[in-house]
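*Asks:* Sharing a structure, written as structure tokens. Questions coming.
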Amino acid sequence: MRETYGKSLPGMKLNDLAGKLIVIEGTDGAGRTTQINMLKTWLEERGHAVLDTGMTRSPLAGEGIQRAKEGNNLGRLTQSLFYATDFVDRLENEIAPALRAGFVVLTDRYIYSLMARAVVRGVDPEWIRSIYSTALKPDAVFYLRVGIEQLIPRVVFSRGFDYWESGMDLFPAHDMYEAFCSYQKALLREFERLAAEFGFEIVDASRDAKSVFSVLKDRILTVLEGAPGEASLAQQISERIDRMLRSPEGRLAAGASAAGQAAAKGLELAPRHFPGSFPRANGNGRSA
Amino acid sequence: MDHFHSGIPTAALGAGQFAPETNAGAGVRIGPFEVFLPRQPISQASSAVRPANNQEYPGRLFIVEGIDGSGKSTQLMLLHKWLESKGYGVVFSEWNSSPLVKDTTKLGKKKKMLSPATFSLIHATDFADRTERSILPLLKAGAVVLCDRYAYTAFARDVARGMDREWVRDLYDFAVRPAVAFYFRVPLETAIGRITASRDCLKFYEAGMDLGLSDDSVESFRIFQGRILEEYERMIPEFGLTVVDATLPVEAQQAQVRRIAKRHLDEAKELRVKP
């Protein structure tokens, strides 16, 4: 039985969300996207069906948020609630259905980043927590921890400074570099608090991507072994289809029935806009 | 538990005041925002917060509530005309009208993508933008602000859709409490008669068709609006809504509305009037 942080959403059944919900958290430039891409490939090779999701990727609110951010006049409450809308749309229509189908859900950020951003902007921490009390508790939260010293070169030598990542709405009188340092430091401090409150598993992300990846793999294996259950459902089906297809006499019949089964399964499980394990058109992995 | 009392801070947190170094200190609470405060786990969320009633601002906020067909918009329009004729600086804000958010709401409704939870959140987002951008600054500037529907609409509709009553009230914790919240009370059948006479068809979400109450839109509307009426009745004592009998003649209702509004305007000393 999966738990929430206190309240549940109408129609959200908690007793059959058997997949694994794995959160990768970390500030901008911590390497979340790189790790998620590697983890997804690795998990699929092991036979797990994987859904990856992240901020502003909901069909409902994703574009609206991007548009609202272009104007640089998005207030902090509006911002917090717009992101909450995006989150809940993905929770109801992507994350929960995927968990129900036994997927491993890898999410690039979760409610914690949204809480941190709101709180450093002066929003009441209790208020933002009450909104996210309907979120599902994940099976693990890996916090990719880097210091501000390592963060700056990563940003400078990759994509440069961004208005919102620099918290320019908070520091309009600063230049982007100064704003980035103040804002990211405040976020890092808030993450430390959240790490204690929500029991994050801290991963030293100042090391190279390969070392971080191998630490994450080890820890995720523990999560997956914890309760094999539904995570292996997809694997079982695919093995069974393989077996049937390998036997020459069963090929025709098996092919038809396996396809039928898969189709039936697909129909039954397919949520409204379920992206499966395919990358989303607007999902370049960068949460904004 | 004290809900729906905390406004936006009177002194907004500016860049110069941003002091994360001292962030872990004891709580100084300004509305839903606080600069320095103790962190608490989710399970202990929502303690009493400082009320931010309209009285704290120079302007005055009047809002109208009621089910579709109650005649509230007509009454608000008449109040608006009267206030303008008296020379007050009046601003009108409509439910669902934020320039940043309304396209998303429209998309969600058109494609029927909204669940009870996202329906609730997107409307709260719209309301937050209007609060941050217009309602609050205008009240601080001494304007008379009129809202056609307010947080109470969300409390009624979202709970009728199955959202947790307390959760929705927490969600709107940032709303300024109005000087007067007029509730136009009308029997269900009267409202249905007015609505069906003036429209060809009922809209999907308006009729609560997303809840699968009935395949017939009028029947679904009847059940859904009935639930909404129950929620409004519950809110009359909870929030001190001012009940207006919406079966009375338009003129009689308006006279009552103006009388009550006038009392509040006379008390307000810093109202801005047209130059």
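Residue numbering restarts at 1 in every chain; chains get A, B, ... in the order shown in the structure tokens, and ligands count up from 1 in that same order.
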Restrict the distance test to only C-alpha atoms, flag each residue of chain A within 7 Å of chain B, and return the flagged residues as JSON, numbers by chain.

*Replies:* {"A": [5, 6, 9, 10, 60, 61, 64, 68, 75, 77, 78, 81, 82, 85, 88, 89, 122, 123, 124, 125, 126, 127, 129, 130, 131, 133, 170, 171, 186, 197]}

*Asks:* Using DSSP on the backbone coordinates, identify all residues within range 87-204 of chain A classified as alpha helix (DSSP H); present the result as number ranges by chain.

*Replies:* A: 87-90, 96-100, 111-120, 125-131, 148-156, 176-198

*Asks:* Which residues are near range 203-205 of chain B? Cut-off 9 Å, only C-alpha atoms, ignore same chain within fewer than 2 positions. Put them as a list in words.

*Replies:*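 So the residues in contact are Lys109, Lys110, Lys112, Cys201, Ala207, Gly208, Met209, Asp210, Leu211 and Ser217 of chain B.
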
*Asks:* Mind checking which residues fall within 12 Å of Leu194 in chain A, counting only C-alpha atoms, ignoring those fewer than 2 positions away in the same chain, and posting them as a PyMOL selection string?

*Replies:* (chain A and resi 25-26+110-117+119+125+129+141+143+187-192+196-202) or (chain B and resi 39-42)

*Asks:* Can those selected residues be exported to a file as an mmCIF file, in the first residue's frame so that it contains N, CA and C atoms?

*Replies:*
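Output below, filename again-v3.cif:
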data_model
loop_
_atom_site.group_PDB
_atom_site.id
_atom_site.type_symbol
_atom_site.label_atom_id
_atom_site.label_comp_id
_atom_site.auth_asym_id
_atom_site.auth_seq_id
_atom_site.Cartn_x
_atom_site.Cartn_y
_atom_site.Cartn_z
ATOM 1 N N GLU A 25 16.743 14.241 -7.153
ATOM 2 C CA GLU A 25 16.649 15.662 -6.809
ATOM 3 C C GLU A 25 18.032 16.296 -6.857
ATOM 4 N N GLY A 26 18.050 17.585 -6.951
ATOM 5 C CA GLY A 26 19.317 18.308 -6.956
ATOM 6 C C GLY A 26 19.092 19.656 -7.589
ATOM 7 N N TYR A 110 11.009 16.432 -7.869
ATOM 8 C CA TYR A 110 9.687 16.049 -7.365
ATOM 9 C C TYR A 110 9.168 17.225 -6.554
ATOM 10 N N ILE A 111 8.303 16.981 -5.607
ATOM 11 C CA ILE A 111 7.738 18.095 -4.837
ATOM 12 C C ILE A 111 8.796 18.881 -4.056
ATOM 13 N N TYR A 112 9.935 18.261 -3.792
ATOM 14 C CA TYR A 112 10.930 18.905 -2.916
ATOM 15 C C TYR A 112 11.546 20.142 -3.564
ATOM 16 N N SER A 113 11.882 20.028 -4.862
ATOM 17 C CA SER A 113 12.409 21.203 -5.568
ATOM 18 C C SER A 113 11.389 22.322 -5.577
ATOM 19 N N LEU A 114 10.127 21.925 -5.759
ATOM 20 C CA LEU A 114 9.066 22.940 -5.825
ATOM 21 C C LEU A 114 8.893 23.625 -4.479
ATOM 22 N N MET A 115 9.048 22.841 -3.414
ATOM 23 C CA MET A 115 8.975 23.423 -2.075
ATOM 24 C C MET A 115 10.152 24.365 -1.847
ATOM 25 N N ALA A 116 11.352 23.914 -2.232
ATOM 26 C CA ALA A 116 12.549 24.720 -2.002
ATOM 27 C C ALA A 116 12.439 26.057 -2.728
ATOM 28 N N ARG A 117 12.032 26.008 -3.980
ATOM 29 C CA ARG A 117 11.924 27.243 -4.758
ATOM 30 C C ARG A 117 10.915 28.203 -4.153
ATOM 31 N N VAL A 119 9.878 28.320 -0.995
ATOM 32 C CA VAL A 119 10.287 28.801 0.327
ATOM 33 C C VAL A 119 11.384 29.867 0.224
ATOM 34 N N PRO A 125 6.233 27.869 4.244
ATOM 35 C CA PRO A 125 6.556 26.439 4.065
ATOM 36 C C PRO A 125 5.385 25.519 4.403
ATOM 37 N N ARG A 129 3.574 22.879 1.787
ATOM 38 C CA ARG A 129 3.484 21.474 2.191
ATOM 39 C C ARG A 129 2.038 20.979 2.167
ATOM 40 N N VAL A 141 14.529 8.794 -2.599
ATOM 41 C CA VAL A 141 14.879 10.114 -3.125
ATOM 42 C C VAL A 141 16.400 10.217 -3.084
ATOM 43 N N TYR A 143 19.440 12.557 -3.594
ATOM 44 C CA TYR A 143 19.757 13.983 -3.710
ATOM 45 C C TYR A 143 21.195 14.124 -4.199
ATOM 46 N N LEU A 187 18.954 27.969 -2.143
ATOM 47 C CA LEU A 187 18.319 26.696 -2.501
ATOM 48 C C LEU A 187 19.059 25.517 -1.864
ATOM 49 N N LEU A 188 20.399 25.565 -1.915
ATOM 50 C CA LEU A 188 21.192 24.471 -1.337
ATOM 51 C C LEU A 188 20.919 24.340 0.156
ATOM 52 N N ARG A 189 20.806 25.484 0.820
ATOM 53 C CA ARG A 189 20.502 25.460 2.252
ATOM 54 C C ARG A 189 19.122 24.843 2.505
ATOM 55 N N GLU A 190 18.176 25.224 1.658
ATOM 56 C CA GLU A 190 16.816 24.692 1.813
ATOM 57 C C GLU A 190 16.806 23.184 1.550
ATOM 58 N N PHE A 191 17.584 22.734 0.564
ATOM 59 C CA PHE A 191 17.666 21.297 0.272
ATOM 60 C C PHE A 191 18.221 20.514 1.455
ATOM 61 N N GLU A 192 19.175 21.096 2.172
ATOM 62 C CA GLU A 192 19.737 20.413 3.335
ATOM 63 C C GLU A 192 18.650 20.172 4.382
ATOM 64 N N ALA A 196 16.891 16.326 5.523
ATOM 65 C CA ALA A 196 16.680 15.780 6.864
ATOM 66 C C ALA A 196 15.202 15.457 7.086
ATOM 67 N N GLU A 197 14.342 16.377 6.670
ATOM 68 C CA GLU A 197 12.909 16.203 6.915
ATOM 69 C C GLU A 197 12.330 15.009 6.158
ATOM 70 N N PHE A 198 12.752 14.827 4.906
ATOM 71 C CA PHE A 198 12.130 13.798 4.069
ATOM 72 C C PHE A 198 13.027 12.575 3.857
ATOM 73 N N GLY A 199 14.140 12.523 4.553
ATOM 74 C CA GLY A 199 14.998 11.342 4.472
ATOM 75 C C GLY A 199 15.594 11.074 3.102
ATOM 76 N N PHE A 200 16.187 12.109 2.489
ATOM 77 C CA PHE A 200 16.849 11.902 1.197
ATOM 78 C C PHE A 200 18.065 11.005 1.385
ATOM 79 N N GLU A 201 18.379 10.231 0.346
ATOM 80 C CA GLU A 201 19.680 9.561 0.319
ATOM 81 C C GLU A 201 20.623 10.499 -0.413
ATOM 82 N N ILE A 202 21.661 10.917 0.286
ATOM 83 C CA ILE A 202 22.552 11.925 -0.289
ATOM 84 C C ILE A 202 23.648 11.263 -1.111
ATOM 85 N N ARG B 39 10.941 25.355 10.363
ATOM 86 C CA ARG B 39 10.390 24.417 9.391
ATOM 87 C C ARG B 39 9.612 23.344 10.115
ATOM 88 N N GLN B 40 8.495 22.966 9.523
ATOM 89 C CA GLN B 40 7.710 21.914 10.158
ATOM 90 C C GLN B 40 7.360 20.850 9.147
ATOM 91 N N PRO B 41 7.279 19.616 9.595
ATOM 92 C CA PRO B 41 6.913 18.547 8.676
ATOM 93 C C PRO B 41 5.457 18.679 8.237
ATOM 94 N N ILE B 42 5.151 18.045 7.128
ATOM 95 C CA ILE B 42 3.817 18.132 6.548
ATOM 96 C C ILE B 42 2.724 17.783 7.540
#

*Asks:* Which residue gives the smallest distance to Glu56 in chain B among B:Ile228, B:Met235, B:Met77, B:Ala268, with only C-alpha atoms counted?

*Replies:*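 Ranking B:Ile228, B:Met235, B:Met77, B:Ala268 by distance to Glu56 in chain B, first place goes to B:Ala268.
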
*Asks:* Quick one: residues within 12 Å of Asp108 in chain A, only C-alpha atoms, excluding same-chain residues fewer than 2 positions away - as a ChimeraX atom specification?

*Replies:* /A:21-28,30-37,39-40,51-57,87,105-106,110-114,141-144,283-288

*Asks:* Now that the selection is made, can you save its residues with C-alpha atoms as an mmCIF file, in the first residue's frame?

*Replies:*
data_model
loop_
_atom_site.group_PDB
_atom_site.id
_atom_site.type_symbol
_atom_site.label_atom_id
_atom_site.label_comp_id
_atom_site.auth_asym_id
_atom_site.auth_seq_id
_atom_site.Cartn_x
_atom_site.Cartn_y
_atom_site.Cartn_z
ATOM 1 C CA LEU A 21 8.912 5.621 -7.718
ATOM 2 C CA ILE A 22 12.460 6.896 -7.730
ATOM 3 C CA VAL A 23 13.197 10.589 -7.391
ATOM 4 C CA ILE A 24 16.387 12.292 -8.514
ATOM 5 C CA GLU A 25 16.649 15.662 -6.809
ATOM 6 C CA GLY A 26 19.317 18.308 -6.956
ATOM 7 C CA THR A 27 19.791 21.923 -7.821
ATOM 8 C CA ASP A 28 20.345 23.302 -11.339
ATOM 9 C CA ALA A 30 23.826 18.938 -10.370
ATOM 10 C CA GLY A 31 23.784 16.451 -13.266
ATOM 11 C CA ARG A 32 20.290 15.032 -12.809
ATOM 12 C CA THR A 33 19.501 14.768 -16.515
ATOM 13 C CA THR A 34 22.736 12.967 -17.357
ATOM 14 C CA GLN A 35 22.140 10.452 -14.587
ATOM 15 C CA ILE A 36 18.511 9.860 -15.518
ATOM 16 C CA ASN A 37 19.419 9.181 -19.131
ATOM 17 C CA LEU A 39 19.772 5.054 -15.477
ATOM 18 C CA LYS A 40 16.922 4.683 -17.932
ATOM 19 C CA LEU A 51 8.838 6.117 -17.347
ATOM 20 C CA ASP A 52 10.863 9.265 -17.024
ATOM 21 C CA THR A 53 9.154 12.512 -16.194
ATOM 22 C CA GLY A 54 10.058 15.967 -14.972
ATOM 23 C CA MET A 55 8.854 19.485 -14.349
ATOM 24 C CA THR A 56 6.735 21.356 -16.904
ATOM 25 C CA ARG A 57 6.228 18.282 -19.054
ATOM 26 C CA PHE A 87 2.816 18.237 -11.055
ATOM 27 C CA VAL A 105 9.245 5.779 -12.602
ATOM 28 C CA LEU A 106 12.334 7.967 -12.686
ATOM 29 C CA TYR A 110 9.687 16.049 -7.365
ATOM 30 C CA ILE A 111 7.738 18.095 -4.837
ATOM 31 C CA TYR A 112 10.930 18.905 -2.916
ATOM 32 C CA SER A 113 12.409 21.203 -5.568
ATOM 33 C CA LEU A 114 9.066 22.940 -5.825
ATOM 34 C CA VAL A 141 14.879 10.114 -3.125
ATOM 35 C CA PHE A 142 18.463 10.501 -4.303
ATOM 36 C CA TYR A 143 19.757 13.983 -3.710
ATOM 37 C CA LEU A 144 22.676 14.854 -5.962
ATOM 38 C CA GLY A 283 10.990 16.716 -22.519
ATOM 39 C CA ASN A 284 14.573 17.703 -23.017
ATOM 40 C CA GLY A 285 15.090 16.781 -19.420
ATOM 41 C CA ARG A 286 15.806 20.258 -18.215
ATOM 42 C CA SER A 287 13.371 21.275 -15.646
ATOM 43 C CA ALA A 288 13.063 24.949 -15.689
#

*Asks:* For the atom pair CA of Gln254 in chain B and CA of Gln75 in chain B, what is the interatomic distance in Å to one decimal place?

*Replies:*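 So the two atoms, CA of Gln254 in chain B and CA of Gln75 in chain B, lie 6.1 Å apart.
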
*Asks:* Need to verify the contact set: Arg145 in chain A, 6 Å, only C-alpha atoms, exclusion of same-chain residues closer than 6 positions in sequence. Can you return it as a VMD selection string?

*Replies:* chain A and resid 203 to 205

*Asks:* List every residue of range 6-238 of chain A that DSSP, applied to the backbone of this structure, assigns to strand (DSSP E), and report them as number ranges by chain.

*Replies:* A: 20-25, 50-54, 104-108, 140-145, 201-204

*Asks:* Could you dump the residues just selected with N, CA and C atoms as a PDB file, in the first residue's frame?

*Replies:*
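The result, stored in selection-v9.pdb:
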ATOM      1  N   LYS A  20       7.936   1.150  -8.910  1.00  0.00           N
ATOM      2  CA  LYS A  20       8.856   1.858  -8.013  1.00  0.00           C
ATOM      3  C   LYS A  20       8.946   3.319  -8.430  1.00  0.00           C
ATOM      4  N   LEU A  21       8.814   4.189  -7.448  1.00  0.00           N
ATOM      5  CA  LEU A  21       8.912   5.621  -7.718  1.00  0.00           C
ATOM      6  C   LEU A  21      10.239   6.128  -7.179  1.00  0.00           C
ATOM      7  N   ILE A  22      11.110   6.489  -8.115  1.00  0.00           N
ATOM      8  CA  ILE A  22      12.460   6.896  -7.730  1.00  0.00           C
ATOM      9  C   ILE A  22      12.689   8.350  -8.139  1.00  0.00           C
ATOM     10  N   VAL A  23      13.042   9.158  -7.165  1.00  0.00           N
ATOM     11  CA  VAL A  23      13.197  10.589  -7.391  1.00  0.00           C
ATOM     12  C   VAL A  23      14.672  10.952  -7.456  1.00  0.00           C
ATOM     13  N   ILE A  24      15.044  11.725  -8.467  1.00  0.00           N
ATOM     14  CA  ILE A  24      16.387  12.292  -8.514  1.00  0.00           C
ATOM     15  C   ILE A  24      16.231  13.789  -8.269  1.00  0.00           C
ATOM     16  N   GLU A  25      16.743  14.241  -7.153  1.00  0.00           N
ATOM     17  CA  GLU A  25      16.649  15.662  -6.809  1.00  0.00           C
ATOM     18  C   GLU A  25      18.032  16.296  -6.857  1.00  0.00           C
ATOM     19  N   VAL A  50      10.408   1.622 -18.012  1.00  0.00           N
ATOM     20  CA  VAL A  50      10.762   2.865 -17.319  1.00  0.00           C
ATOM     21  C   VAL A  50       9.945   4.039 -17.857  1.00  0.00           C
ATOM     22  N   LEU A  51       9.437   4.831 -16.962  1.00  0.00           N
ATOM     23  CA  LEU A  51       8.838   6.117 -17.347  1.00  0.00           C
ATOM     24  C   LEU A  51       9.724   7.204 -16.767  1.00  0.00           C
ATOM     25  N   ASP A  52      10.180   8.129 -17.634  1.00  0.00           N
ATOM     26  CA  ASP A  52      10.863   9.265 -17.024  1.00  0.00           C
ATOM     27  C   ASP A  52      10.017  10.507 -17.209  1.00  0.00           C
ATOM     28  N   THR A  53       9.978  11.309 -16.164  1.00  0.00           N
ATOM     29  CA  THR A  53       9.154  12.512 -16.194  1.00  0.00           C
ATOM     30  C   THR A  53       9.874  13.621 -15.433  1.00  0.00           C
ATOM     31  N   GLY A  54       9.415  14.832 -15.635  1.00  0.00           N
ATOM     32  CA  GLY A  54      10.058  15.967 -14.972  1.00  0.00           C
ATOM     33  C   GLY A  54       9.200  17.205 -15.087  1.00  0.00           C
ATOM     34  N   VAL A 104       9.102   1.265 -13.463  1.00  0.00           N
ATOM     35  CA  VAL A 104       9.989   2.055 -12.619  1.00  0.00           C
ATOM     36  C   VAL A 104       9.837   3.497 -13.100  1.00  0.00           C
ATOM     37  N   VAL A 105       9.402   4.376 -12.221  1.00  0.00           N
ATOM     38  CA  VAL A 105       9.245   5.779 -12.602  1.00  0.00           C
ATOM     39  C   VAL A 105      10.456   6.546 -12.093  1.00  0.00           C
ATOM     40  N   LEU A 106      11.183   7.138 -13.040  1.00  0.00           N
ATOM     41  CA  LEU A 106      12.334   7.967 -12.686  1.00  0.00           C
ATOM     42  C   LEU A 106      11.891   9.407 -12.847  1.00  0.00           C
ATOM     43  N   THR A 107      11.844  10.144 -11.758  1.00  0.00           N
ATOM     44  CA  THR A 107      11.400  11.519 -11.926  1.00  0.00           C
ATOM     45  C   THR A 107      12.502  12.527 -11.646  1.00  0.00           C
ATOM     46  N   ASP A 108      12.688  13.401 -12.627  1.00  0.00           N
ATOM     47  CA  ASP A 108      13.687  14.452 -12.549  1.00  0.00           C
ATOM     48  C   ASP A 108      13.077  15.576 -11.716  1.00  0.00           C
ATOM     49  N   ALA A 140      12.356   6.007  -3.085  1.00  0.00           N
ATOM     50  CA  ALA A 140      13.663   6.551  -2.722  1.00  0.00           C
ATOM     51  C   ALA A 140      13.825   7.937  -3.322  1.00  0.00           C
ATOM     52  N   VAL A 141      14.529   8.794  -2.599  1.00  0.00           N
ATOM     53  CA  VAL A 141      14.879  10.114  -3.125  1.00  0.00           C
ATOM     54  C   VAL A 141      16.400  10.217  -3.084  1.00  0.00           C
ATOM     55  N   PHE A 142      17.013  10.324  -4.256  1.00  0.00           N
ATOM     56  CA  PHE A 142      18.463  10.501  -4.303  1.00  0.00           C
ATOM     57  C   PHE A 142      18.749  11.977  -4.543  1.00  0.00           C
ATOM     58  N   TYR A 143      19.440  12.557  -3.594  1.00  0.00           N
ATOM     59  CA  TYR A 143      19.757  13.983  -3.710  1.00  0.00           C
ATOM     60  C   TYR A 143      21.195  14.124  -4.199  1.00  0.00           C
ATOM     61  N   LEU A 144      21.336  14.651  -5.404  1.00  0.00           N
ATOM     62  CA  LEU A 144      22.676  14.854  -5.962  1.00  0.00           C
ATOM     63  C   LEU A 144      23.229  16.150  -5.396  1.00  0.00           C
ATOM     64  N   ARG A 145      24.109  15.987  -4.440  1.00  0.00           N
ATOM     65  CA  ARG A 145      24.588  17.167  -3.720  1.00  0.00           C
ATOM     66  C   ARG A 145      25.889  17.697  -4.328  1.00  0.00           C
ATOM     67  N   GLU A 201      18.379  10.231   0.346  1.00  0.00           N
ATOM     68  CA  GLU A 201      19.680   9.561   0.319  1.00  0.00           C
ATOM     69  C   GLU A 201      20.623  10.499  -0.413  1.00  0.00           C
ATOM     70  N   ILE A 202      21.661  10.917   0.286  1.00  0.00           N
ATOM     71  CA  ILE A 202      22.552  11.925  -0.289  1.00  0.00           C
ATOM     72  C   ILE A 202      23.648  11.263  -1.111  1.00  0.00           C
ATOM     73  N   VAL A 203      23.819  11.765  -2.339  1.00  0.00           N
ATOM     74  CA  VAL A 203      24.855  11.253  -3.223  1.00  0.00           C
ATOM     75  C   VAL A 203      25.809  12.402  -3.538  1.00  0.00           C
ATOM     76  N   ASP A 204      27.095  12.167  -3.358  1.00  0.00           N
ATOM     77  CA  ASP A 204      28.085  13.200  -3.640  1.00  0.00           C
ATOM     78  C   ASP A 204      28.208  13.369  -5.153  1.00  0.00           C
TER      79      ASP A 204
END

*Asks:* So that I can see what lies close to Gln256 in chain B, please list as a PyMOL selection string the residues with an atom at most 8 Å from it, counting only C-alpha atoms and leaving out residues fewer than 4 positions away in the same chain.

*Replies:* chain B and resi 244+252+260

*Asks:* Using N, CA and C atoms, can you write the selected residues to a file as a JSON list (two decimals), in the first residue's frame?

*Replies:*
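Output file again_33.json follows:
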[["chain", "number", "residue", "atom", "x", "y", "z"],
["B", 244, "VAL", "N", -28.35, 37.26, 0.51],
["B", 244, "VAL", "CA", -29.35, 38.08, -0.16],
["B", 244, "VAL", "C", -30.37, 37.11, -0.77],
["B", 252, "ALA", "N", -35.08, 45.35, -5.29],
["B", 252, "ALA", "CA", -35.04, 45.16, -3.84],
["B", 252, "ALA", "C", -33.70, 44.60, -3.41],
["B", 260, "ILE", "N", -25.72, 47.98, 2.35],
["B", 260, "ILE", "CA", -24.62, 47.32, 3.09],
["B", 260, "ILE", "C", -23.27, 47.85, 2.62]]

*Asks:* Measuring between only C-alpha atoms, which one of B:Thr74, B:Ser93, B:Gln253, B:Thr242 shows the shortest distance to Val180 in chain B?

*Replies:*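 Ranked by minimum distance to Val180 in chain B, first place goes to B:Thr242.
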
*Asks:* In Å, how far is it from CA of Leu83 in chain B to CA of Leu271 in chain B?

*Replies:*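 Answer for the CA of Leu83 in chain B to CA of Leu271 in chain B separation: 12.1 Å.
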
*Asks:* Give me, please, the distance in Å between CA of Leu136 in chain A and CA of Gln66 in chain A, quoted to one decimal.

*Replies:*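 So the two atoms, CA of Leu136 in chain A and CA of Gln66 in chain A, lie 25.3 Å apart.
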
*Asks:* Of the candidates B:Asp148, B:Asp215, B:Glu189, B:Glu267, which shows the shortest atom-to-atom distance to Trp95 in chain B, using only C-alpha atoms?

*Replies:* B:Asp148

*Asks:* For Arg219 in chain A, which residue among A:Met38, A:Val120, A:Asp139, A:Ile65 is the nearest when counting only C-alpha atoms?

*Replies:*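 Closest residue, counting only C-alpha atoms: A:Asp139.
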
*Asks:* Between A:Gly29, A:Arg67, A:Cys181, A:Gly19, single out the one closest to Arg159 in chain A, counting only C-alpha atoms.

*Replies:* A:Gly29
